[in-house]
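Below: the structure, in structure tokens.
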Amino acid sequence: MAVAEVRPAVVSDAAEIARIQRDTWRSAYTELLGEAAVAELDAVELEKTWAETIEYPGTRVFVAVEGEFTVGFCVAGRAPESEVAAADGSLPDDAATTALIASLLVEPRWGRRGHAGRLLANASAWLREEGATRGISWVAQTDHPSLGFFRRAGWSPDGTVRILDTGSTSVREVRLTGGLDLELAP
């Protein structure tokens, strides 16, 4: 197996990140999101969006690399109030120090090699450096592999749910929360 590592993304990674999102959504999320939502992923627009995300202040995109291949990515930053608020709109005492893992994807063909764990651990270390004390992430209630991954990392549902309309279906997401003191196993 080639050397695996995680590094901050640069704008030139945008095309690969967009490809990973398209390919992963097609292979793993078409049934969940609906064919129409996945079909609407335009390569040019998606690459532009990722380039903007990589340069967005206060956000960091990490990429997982194995050998010469980019195999996954993670987007991390401070959680907007709308993401951390309770269902009634109230904010927890630690809202100002809560971080958001907005996306964490590894191509299925590169799965089960520790890439997601390395991505989350690196993002968590950076978030701690930025003053964050805990993290949240939204995961589809039926995405059992992702839910299991976050649970193994010590994150758990906090009781907050939301419904996303993809245009052809509705997706129920649960908010997970957990510590940012994750370490990579030797």
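Ordering of the structure tokens sets the chain letters (A, B, ...); residue numbers start at 1 within each chain; ligands are numbered from 1 in the order shown.
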
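Once A:Ser124 and its same-chain neighbours fewer than 5 positions away are set aside, Leu180, Asp181 and Leu182 of chain A remain within 7 Å of it when counting only C-alpha atoms.
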
- Output as number ranges by chain all residues of chain A that backbone DSSP marks as alpha helix (DSSP H). A: 14-24, 30-33, 35-39, 43-55, 81-84, 115-129, 144-152

Would you save the residues from that selection as an mmCIF file, in the first residue's frame, using C-alpha atoms?
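Output contents, as saved in again.cif:
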```cif
data_model
loop_
_atom_site.group_PDB
_atom_site.id
_atom_site.type_symbol
_atom_site.label_atom_id
_atom_site.label_comp_id
_atom_site.auth_asym_id
_atom_site.auth_seq_id
_atom_site.Cartn_x
_atom_site.Cartn_y
_atom_site.Cartn_z
ATOM 1 C CA ALA A 14 -10.841 21.551 -6.680
ATOM 2 C CA ALA A 15 -11.298 19.387 -9.792
ATOM 3 C CA GLU A 16 -10.407 16.181 -7.910
ATOM 4 C CA ILE A 17 -12.623 17.098 -4.959
ATOM 5 C CA ALA A 18 -15.514 17.737 -7.376
ATOM 6 C CA ARG A 19 -14.854 14.379 -9.085
ATOM 7 C CA ILE A 20 -14.816 12.572 -5.739
ATOM 8 C CA GLN A 21 -18.112 14.204 -4.744
ATOM 9 C CA ARG A 22 -19.782 13.329 -8.071
ATOM 10 C CA ASP A 23 -18.491 9.754 -8.135
ATOM 11 C CA THR A 24 -19.294 9.103 -4.468
ATOM 12 C CA THR A 30 -28.296 8.215 -5.595
ATOM 13 C CA GLU A 31 -31.026 6.263 -3.816
ATOM 14 C CA LEU A 32 -30.876 8.561 -0.791
ATOM 15 C CA LEU A 33 -30.771 11.911 -2.645
ATOM 16 C CA GLU A 35 -31.460 10.568 -9.305
ATOM 17 C CA ALA A 36 -32.419 14.125 -10.269
ATOM 18 C CA ALA A 37 -30.330 15.705 -7.477
ATOM 19 C CA VAL A 38 -27.268 13.636 -8.362
ATOM 20 C CA ALA A 39 -27.722 14.243 -12.094
ATOM 21 C CA ALA A 43 -18.661 19.329 -13.227
ATOM 22 C CA VAL A 44 -17.701 22.919 -14.053
ATOM 23 C CA GLU A 45 -19.976 24.516 -11.453
ATOM 24 C CA LEU A 46 -18.961 22.011 -8.796
ATOM 25 C CA GLU A 47 -15.265 22.636 -9.415
ATOM 26 C CA LYS A 48 -15.849 26.402 -9.169
ATOM 27 C CA THR A 49 -17.742 25.956 -5.904
ATOM 28 C CA TRP A 50 -14.925 23.842 -4.455
ATOM 29 C CA ALA A 51 -12.288 26.396 -5.492
ATOM 30 C CA GLU A 52 -14.298 29.079 -3.658
ATOM 31 C CA THR A 53 -14.724 26.833 -0.609
ATOM 32 C CA ILE A 54 -10.979 26.151 -0.418
ATOM 33 C CA GLU A 55 -10.321 29.904 -0.321
ATOM 34 C CA GLU A 81 -25.496 29.724 14.590
ATOM 35 C CA SER A 82 -28.160 28.211 12.343
ATOM 36 C CA GLU A 83 -26.296 24.867 12.382
ATOM 37 C CA VAL A 84 -25.652 24.726 16.140
ATOM 38 C CA HIS A 115 -8.686 7.846 5.293
ATOM 39 C CA ALA A 116 -11.879 9.132 6.954
ATOM 40 C CA GLY A 117 -10.306 8.829 10.400
ATOM 41 C CA ARG A 118 -7.196 10.695 9.283
ATOM 42 C CA LEU A 119 -9.350 13.415 7.716
ATOM 43 C CA LEU A 120 -11.444 13.870 10.861
ATOM 44 C CA ALA A 121 -8.389 13.794 13.164
ATOM 45 C CA ASN A 122 -6.548 16.421 11.090
ATOM 46 C CA ALA A 123 -9.625 18.627 10.839
ATOM 47 C CA SER A 124 -10.168 18.278 14.604
ATOM 48 C CA ALA A 125 -6.562 19.265 15.364
ATOM 49 C CA TRP A 126 -6.888 22.380 13.209
ATOM 50 C CA LEU A 127 -10.232 23.272 14.769
ATOM 51 C CA ARG A 128 -8.735 22.970 18.277
ATOM 52 C CA GLU A 129 -5.928 25.328 17.196
ATOM 53 C CA HIS A 144 -25.441 3.786 8.382
ATOM 54 C CA PRO A 145 -21.759 3.683 7.303
ATOM 55 C CA SER A 146 -21.284 7.399 8.102
ATOM 56 C CA LEU A 147 -23.246 7.160 11.341
ATOM 57 C CA GLY A 148 -21.121 4.186 12.387
ATOM 58 C CA PHE A 149 -17.906 6.031 11.523
ATOM 59 C CA PHE A 150 -18.814 9.049 13.655
ATOM 60 C CA ARG A 151 -19.967 6.825 16.514
ATOM 61 C CA ARG A 152 -16.626 5.004 16.487
#
```

- Write out as a PyMOL selection string the residues lying within 7 Å of A:Leu105, counting only C-alpha atoms and excluding same-chain residues fewer than 5 positions away. chain A and resi 72-74

- Message: Can you pull out every residue from chain A that DSSP, working from the backbone, puts in strand (DSSP E or B), and format the result as a PyMOL selection string?
- Response: chain A and resi 4-8+59-66+69-78+98-106+134-140+156-165+170-179

Can you list, as a PDB file with all heavy atoms, in the first residue's frame, every protein, DNA or RNA residue that comes within 8 Å of stretch 94-99 of chain A when you count only C-alpha atoms, leaving out same-chain residues fewer than 5 positions away?
```
ATOM      1  N   ALA A  76     -14.092  21.746   7.133  1.00  0.00           N
ATOM      2  CA  ALA A  76     -14.250  22.083   8.544  1.00  0.00           C
ATOM      3  C   ALA A  76     -14.189  23.590   8.744  1.00  0.00           C
ATOM      4  O   ALA A  76     -13.503  24.294   8.009  1.00  0.00           O
ATOM      5  CB  ALA A  76     -13.148  21.408   9.364  1.00  0.00           C
ATOM      6  N   GLY A  77     -14.903  24.060   9.758  1.00  0.00           N
ATOM      7  CA  GLY A  77     -14.876  25.470  10.115  1.00  0.00           C
ATOM      8  C   GLY A  77     -15.779  25.721  11.301  1.00  0.00           C
ATOM      9  O   GLY A  77     -16.384  24.795  11.850  1.00  0.00           O
ATOM     10  N   ARG A  78     -15.885  26.974  11.693  1.00  0.00           N
ATOM     11  CA  ARG A  78     -16.792  27.330  12.786  1.00  0.00           C
ATOM     12  C   ARG A  78     -18.222  27.030  12.360  1.00  0.00           C
ATOM     13  O   ARG A  78     -18.595  27.252  11.210  1.00  0.00           O
ATOM     14  CB  ARG A  78     -16.679  28.817  13.127  1.00  0.00           C
ATOM     15  CG  ARG A  78     -15.394  29.204  13.781  1.00  0.00           C
ATOM     16  CD  ARG A  78     -15.300  28.578  15.172  1.00  0.00           C
ATOM     17  NE  ARG A  78     -14.007  28.844  15.740  1.00  0.00           N
ATOM     18  CZ  ARG A  78     -13.826  29.313  16.946  1.00  0.00           C
ATOM     19  NH1 ARG A  78     -14.853  29.556  17.718  1.00  0.00           N
ATOM     20  NH2 ARG A  78     -12.620  29.517  17.393  1.00  0.00           N
ATOM     21  N   ALA A  79     -19.014  26.567  13.281  1.00  0.00           N
ATOM     22  CA  ALA A  79     -20.419  26.254  12.989  1.00  0.00           C
ATOM     23  C   ALA A  79     -21.231  27.546  13.005  1.00  0.00           C
ATOM     24  O   ALA A  79     -21.209  28.271  13.997  1.00  0.00           O
ATOM     25  CB  ALA A  79     -20.966  25.275  14.015  1.00  0.00           C
ATOM     26  N   GLU A  81     -24.462  29.840  13.555  1.00  0.00           N
ATOM     27  CA  GLU A  81     -25.496  29.724  14.590  1.00  0.00           C
ATOM     28  C   GLU A  81     -26.660  28.872  14.132  1.00  0.00           C
ATOM     29  O   GLU A  81     -27.222  28.101  14.904  1.00  0.00           O
ATOM     30  CB  GLU A  81     -25.979  31.108  15.020  1.00  0.00           C
ATOM     31  CG  GLU A  81     -24.977  31.852  15.869  1.00  0.00           C
ATOM     32  CD  GLU A  81     -25.499  33.177  16.391  1.00  0.00           C
ATOM     33  OE1 GLU A  81     -26.623  33.583  16.031  1.00  0.00           O
ATOM     34  OE2 GLU A  81     -24.768  33.806  17.181  1.00  0.00           O
ATOM     35  N   VAL A  84     -25.862  25.175  14.764  1.00  0.00           N
ATOM     36  CA  VAL A  84     -25.652  24.726  16.140  1.00  0.00           C
ATOM     37  C   VAL A  84     -26.871  24.969  17.033  1.00  0.00           C
ATOM     38  O   VAL A  84     -26.968  24.392  18.114  1.00  0.00           O
ATOM     39  CB  VAL A  84     -24.377  25.378  16.723  1.00  0.00           C
ATOM     40  CG1 VAL A  84     -24.592  26.837  17.058  1.00  0.00           C
ATOM     41  CG2 VAL A  84     -23.852  24.615  17.918  1.00  0.00           C
ATOM     42  N   ALA A  85     -27.814  25.759  16.573  1.00  0.00           N
ATOM     43  CA  ALA A  85     -28.995  26.085  17.379  1.00  0.00           C
ATOM     44  C   ALA A  85     -29.864  24.854  17.624  1.00  0.00           C
ATOM     45  O   ALA A  85     -29.913  23.933  16.808  1.00  0.00           O
ATOM     46  CB  ALA A  85     -29.823  27.166  16.683  1.00  0.00           C
ATOM     47  N   LEU A 127      -9.132  22.590  14.092  1.00  0.00           N
ATOM     48  CA  LEU A 127     -10.232  23.272  14.769  1.00  0.00           C
ATOM     49  C   LEU A 127      -9.874  23.597  16.219  1.00  0.00           C
ATOM     50  O   LEU A 127     -10.193  24.682  16.714  1.00  0.00           O
ATOM     51  CB  LEU A 127     -11.506  22.424  14.703  1.00  0.00           C
ATOM     52  CG  LEU A 127     -12.130  22.324  13.307  1.00  0.00           C
ATOM     53  CD1 LEU A 127     -13.148  21.190  13.253  1.00  0.00           C
ATOM     54  CD2 LEU A 127     -12.749  23.648  12.881  1.00  0.00           C
ATOM     55  N   GLY A 131      -9.497  27.327  18.318  1.00  0.00           N
ATOM     56  CA  GLY A 131     -10.275  27.631  19.518  1.00  0.00           C
ATOM     57  C   GLY A 131     -11.579  26.866  19.675  1.00  0.00           C
ATOM     58  O   GLY A 131     -12.336  27.114  20.615  1.00  0.00           O
ATOM     59  N   ALA A 132     -11.851  25.928  18.788  1.00  0.00           N
ATOM     60  CA  ALA A 132     -13.084  25.142  18.898  1.00  0.00           C
ATOM     61  C   ALA A 132     -12.948  24.115  20.023  1.00  0.00           C
ATOM     62  O   ALA A 132     -11.860  23.587  20.268  1.00  0.00           O
ATOM     63  CB  ALA A 132     -13.406  24.447  17.585  1.00  0.00           C
ATOM     64  N   THR A 133     -14.071  23.842  20.694  1.00  0.00           N
ATOM     65  CA  THR A 133     -14.065  22.887  21.796  1.00  0.00           C
ATOM     66  C   THR A 133     -14.857  21.622  21.520  1.00  0.00           C
ATOM     67  O   THR A 133     -14.675  20.614  22.187  1.00  0.00           O
ATOM     68  CB  THR A 133     -14.638  23.545  23.075  1.00  0.00           C
ATOM     69  OG1 THR A 133     -15.972  24.005  22.793  1.00  0.00           O
ATOM     70  CG2 THR A 133     -13.765  24.701  23.524  1.00  0.00           C
ATOM     71  N   ARG A 134     -15.772  21.683  20.560  1.00  0.00           N
ATOM     72  CA  ARG A 134     -16.508  20.471  20.162  1.00  0.00           C
ATOM     73  C   ARG A 134     -16.934  20.636  18.712  1.00  0.00           C
ATOM     74  O   ARG A 134     -16.891  21.724  18.144  1.00  0.00           O
ATOM     75  CB  ARG A 134     -17.704  20.197  21.064  1.00  0.00           C
ATOM     76  CG  ARG A 134     -18.912  21.064  20.808  1.00  0.00           C
ATOM     77  CD  ARG A 134     -20.116  20.619  21.668  1.00  0.00           C
ATOM     78  NE  ARG A 134     -21.178  21.592  21.563  1.00  0.00           N
ATOM     79  CZ  ARG A 134     -22.291  21.417  20.858  1.00  0.00           C
ATOM     80  NH1 ARG A 134     -22.497  20.285  20.216  1.00  0.00           N
ATOM     81  NH2 ARG A 134     -23.215  22.362  20.824  1.00  0.00           N
ATOM     82  N   GLY A 135     -17.361  19.517  18.120  1.00  0.00           N
ATOM     83  CA  GLY A 135     -17.786  19.547  16.729  1.00  0.00           C
ATOM     84  C   GLY A 135     -19.185  19.005  16.546  1.00  0.00           C
ATOM     85  O   GLY A 135     -19.710  18.294  17.407  1.00  0.00           O
ATOM     86  N   ILE A 136     -19.772  19.395  15.424  1.00  0.00           N
ATOM     87  CA  ILE A 136     -21.059  18.849  15.000  1.00  0.00           C
ATOM     88  C   ILE A 136     -20.962  18.480  13.525  1.00  0.00           C
ATOM     89  O   ILE A 136     -20.110  18.993  12.793  1.00  0.00           O
ATOM     90  CB  ILE A 136     -22.238  19.830  15.218  1.00  0.00           C
ATOM     91  CG1 ILE A 136     -22.036  21.120  14.413  1.00  0.00           C
ATOM     92  CG2 ILE A 136     -22.450  20.112  16.695  1.00  0.00           C
ATOM     93  CD1 ILE A 136     -23.259  22.034  14.379  1.00  0.00           C
TER      94      ILE A 136
END
```

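Of the listed residues A:Val65, A:Gln141, A:Ser90, A:Pro80, the one whose atoms come nearest to A:Ala9 is A:Val65, with distances taken using only C-alpha atoms.
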
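Atom CA of A:Gly114 sits 20.5 Å away from atom CA of A:Thr177.
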
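Checking A:Ser168, A:Tyr56, A:Arg113, A:Leu100 one by one against A:Ala2, counting only C-alpha atoms, you find the shortest gap at A:Arg113.
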
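Between atom CA of A:Val161 and atom CA of A:Gly89 the separation is 12.8 Å.
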
- Calculate how many Å separate atom CA of A:Pro57 from atom CA of A:Val10, rounding to one decimal. 13.3 Å

Surrounding residues of A:Val71 excluding itself and chain neighbours under 6 positions, 6 Å, only C-alpha atoms, as a PDB file with C-alpha atoms, in the first residue's frame:
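Once everything was written out, this is part37.pdb:
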```
ATOM      1  CA  ALA A  64      -6.710  12.523   1.844  1.00  0.00           C
ATOM      2  CA  VAL A  65      -4.057  11.243  -0.511  1.00  0.00           C
ATOM      3  CA  VAL A 106     -13.979   9.114   0.877  1.00  0.00           C
ATOM      4  CA  GLU A 107     -14.454   7.391  -2.449  1.00  0.00           C
TER       5      GLU A 107
END
```

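Minimum distance to A:Phe69 across A:Glu5, A:Arg26, A:Leu104, A:Ala153 (counting only C-alpha atoms) occurs at A:Glu5.
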
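The shell of residues at most 10 Å from A:Glu173, with only C-alpha atoms counted and near chain neighbours (fewer than 3 positions) removed, consists of Ser137, Trp138, Val139, Ala140, Gln141, Thr142, Asp143, Thr160, Val161, Arg162, Ile163, Leu164, Ser170 and Leu176 of chain A.
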